[in-house]
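Have a look at the structure below, then the notes.
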Amino acid sequence: MNEDVRNIVLGVLATGVSASLGWIGRTYGWRRRLRRKQAFFGLPSGSECLLVVNRESGGDNVVHRYDVFALLELSALVKDCGARARILPHDRAHQGFGDRTEFCVGGPYSNRRMAAHLATLLPGVKMNVDVEPPELRGSVTIGGERHLMEKGLSEYVILARLTAGEGHRPVFLFCGQRAITNQAATRYLARHHEDLARRHRDGSFVLLLKVVNSEAYGPDVVELVADVTRAARTAPPAPEPSAAEPAATA
């Protein structure tokens with residue numbers, strides 16, 4: 001074998017080794033990112049999760065189109081993890097939490113399960129479900145601070161990841177003042193789940209997000225207002241009895 005042939009053979013071998021090492025490195029990196037994503041969402045390969053959806057206010061078994069878009073975004077995340085999704089209406093999800101990952105979409109005014117989750121898991125969060133007065137409709141109060149909705153201009157949504165129950169699988173809440181804010185929260189989660197996993201180490205968190213000018217930008221422009229985990233998970237103090245009320249006797 002002359003020197004030219006030997007150089008060609010060595011070059012081919014070096015190229016093959018480099019390509020193999022590159023493929024191994026990319027595969028390892030992809031699997032590592034997948035494992036982190038599965039751990040954050042509580043979705044190991046082959047597992048099943050629940051997508052609990054509300055129904056449009058005033059509609060007959062109708063899901064708002066923005067909530068449908070939110071379900072599509074969540075379904076893509078579930079599929080990427082190699083898991084399966086089961087969609088349930090809010091009034092048929094009669095089961096506990098922790099055994100499987102749950103994604104719950106919609107405010108407490110149209111989602112009974114969301115109302116139960118807020119009362120049980122986030123006692124420091126109150127969303128006004130009354131029609132009157134209109135200026136307070138849908139307002140969110142967290143830790144004594146109220147956030148009012150300006151329809152189409154400035155709207156708020158709670159994005160939460162909570163671990164509870166025996167199985168310790170997370171419950172994700174997308175509790176917005178309007179359906180478009182629910183989709184905005186799911187899109188925010190899809191875009192920032194790696195940063196959220198690094199920041200919160202697969203633990204619980206509650207974020208208050210603001211959707212800016214949804215009439216012009218749809219669900220795409222979202223600002224993080226604050227991490228309200230502590231205030232949201234702390235029950236407000238009981239009101240003190242008024243002076244007119246008689247003191248309780250033993």
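Starting from 1 in every chain, residues are counted up; chains themselves are A, B, ... following the order of the structure tokens, and ligands are numbered from 1 as listed.
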Practice prompt. Just the residues within 6 Å of A:Pro123, please, counting only C-alpha atoms, with nothing from its chain fewer than 4 positions along; format it as a PyMOL selection string.
Written response: chain A and resi 119+233+235
Just N, CA and C atoms for this one: save the residues we selected as a short mmCIF file (atom, residue, chain, number, x, y, z; two decimals), in the first residue's frame.
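Written output follows (part_33.cif):
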```
data_model
loop_
_atom_site.label_atom_id
_atom_site.label_comp_id
_atom_site.auth_asym_id
_atom_site.auth_seq_id
_atom_site.Cartn_x
_atom_site.Cartn_y
_atom_site.Cartn_z
N ALA A 119 -59.29 26.09 45.46
CA ALA A 119 -59.66 26.04 46.87
C ALA A 119 -58.74 25.11 47.66
N ARG A 233 -50.13 29.97 47.79
CA ARG A 233 -50.29 28.73 48.55
C ARG A 233 -50.55 28.98 50.03
N ALA A 235 -53.07 30.45 52.81
CA ALA A 235 -54.47 30.86 53.03
C ALA A 235 -54.51 32.22 53.69
#
```
Worksheet entry | Residues near A:Lys79, cut-off 12 Å, only C-alpha atoms, skip fewer than 4 positions along chain, as a list in words | Leu34, Lys37, Gln38, Phe41, Leu43, Pro44, Ser45, Gly46, Ser47, Glu48, Cys49, Leu72, Glu73, Leu74, Ser75, Ala83, Arg84, Ala85 and Arg86 of chain A
Keeping only C-alpha atoms, write those residues as a compact mmCIF listing (two decimals), in the first residue's frame.
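Result file follows (out18.txt):
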```txt
# COMPACT_ATOMS: atom_id res chain seq x y z
CA LEU A 34 -35.94 14.30 26.78
CA LYS A 37 -38.60 17.23 29.86
CA GLN A 38 -40.30 14.01 30.94
CA PHE A 41 -43.96 17.23 33.05
CA LEU A 43 -44.60 12.09 31.68
CA PRO A 44 -42.35 9.02 31.33
CA SER A 45 -42.60 7.13 28.04
CA GLY A 46 -45.86 5.21 27.73
CA SER A 47 -47.59 7.03 30.58
CA GLU A 48 -51.04 8.63 30.44
CA CYS A 49 -52.07 12.13 31.46
CA LEU A 72 -53.46 21.24 20.82
CA GLU A 73 -50.36 22.90 22.27
CA LEU A 74 -50.48 20.62 25.31
CA SER A 75 -51.06 17.54 23.16
CA ALA A 83 -46.95 9.78 26.56
CA ARG A 84 -50.69 9.58 25.87
CA ALA A 85 -53.35 12.19 26.60
CA ARG A 86 -56.93 11.61 27.72
```
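We find atom CA of A:Ile87 and atom CA of A:Val53 to be spaced 7.4 Å apart.
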Discussion item. When you look at A:Leu173 with a cut-off of 10 Å (counting only C-alpha atoms), what residues show up, excluding the ones that are within fewer than 2 positions of it in the same chain? I need them as an MDAnalysis selection string.
Written reply: chainID A and resid 52 102:107 114 117:118 157:162 170:171 175:176 182 185:186 206
Worksheet item: Got a sec to tell me which of stretch 20-154 of chain A DSSP assigns to helix (DSSP H, G or I), as a VMD selection string?
Response: chain A and resid 20 to 41 65 to 80 90 to 92 112 to 121 134 to 136
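Of the residues under consideration (A:Leu224, A:Met127, A:Leu77, A:Leu189), A:Met127 shows the shortest atom-to-atom contact distance to A:Leu148 when counting only C-alpha atoms.
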Discussion item. Please determine, counting only C-alpha atoms, which residue among A:Ser204, A:Thr181, A:Thr234, A:Ser139 has the shortest atom-to-atom distance to A:Asp220.
Written reply: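 For A:Asp220, the nearest of the candidates is A:Thr181.
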Practice prompt. List every residue of stretch 10-240 of chain A that DSSP, applied to the backbone of this structure, assigns to strand (DSSP E), and report them as a ChimeraX atom specification.
Written response: /A:48-53,84-89,102-105,125-127,140-142,145-147,154-163,170-176,205-212,222-227
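Within 10 Å of A:Lys151, once only C-alpha atoms are used and residues closer than 3 positions along the same chain are dropped, the contacting residues are Leu148, Ser154, Glu155, Tyr156, Gln177, Arg178, Asn213, Ser214 and Glu215 of chain A.
Of the listed residues (A:Cys81, A:Ala76, A:Val63, A:Ala70), A:Val63 comes nearest to A:Ser110; the distances count only C-alpha atoms.
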Discussion item. Taking only C-alpha atoms into account, name the residue in A:Arg33, A:His192, A:Arg146, A:Arg113 that is nearest to A:Gly96.
Written reply: A:Arg113
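Considering only C-alpha atoms, the residue among A:His147, A:Phe172, A:Ala184, A:Val68 positioned nearest to A:Val225 is A:His147.
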Worksheet item: Taking only C-alpha atoms into account, which of A:Ile180, A:Asn54, A:His193, A:Ile142 comes nearest A:Asp227?
Response: A:Ile142
Worksheet item: Quick one: residues within 10 Å of A:Arg137, only C-alpha atoms counted, chain neighbours fewer than 4 positions away excluded, as a PyMOL selection string?
Response: chain A and resi 127-133+148-149+177
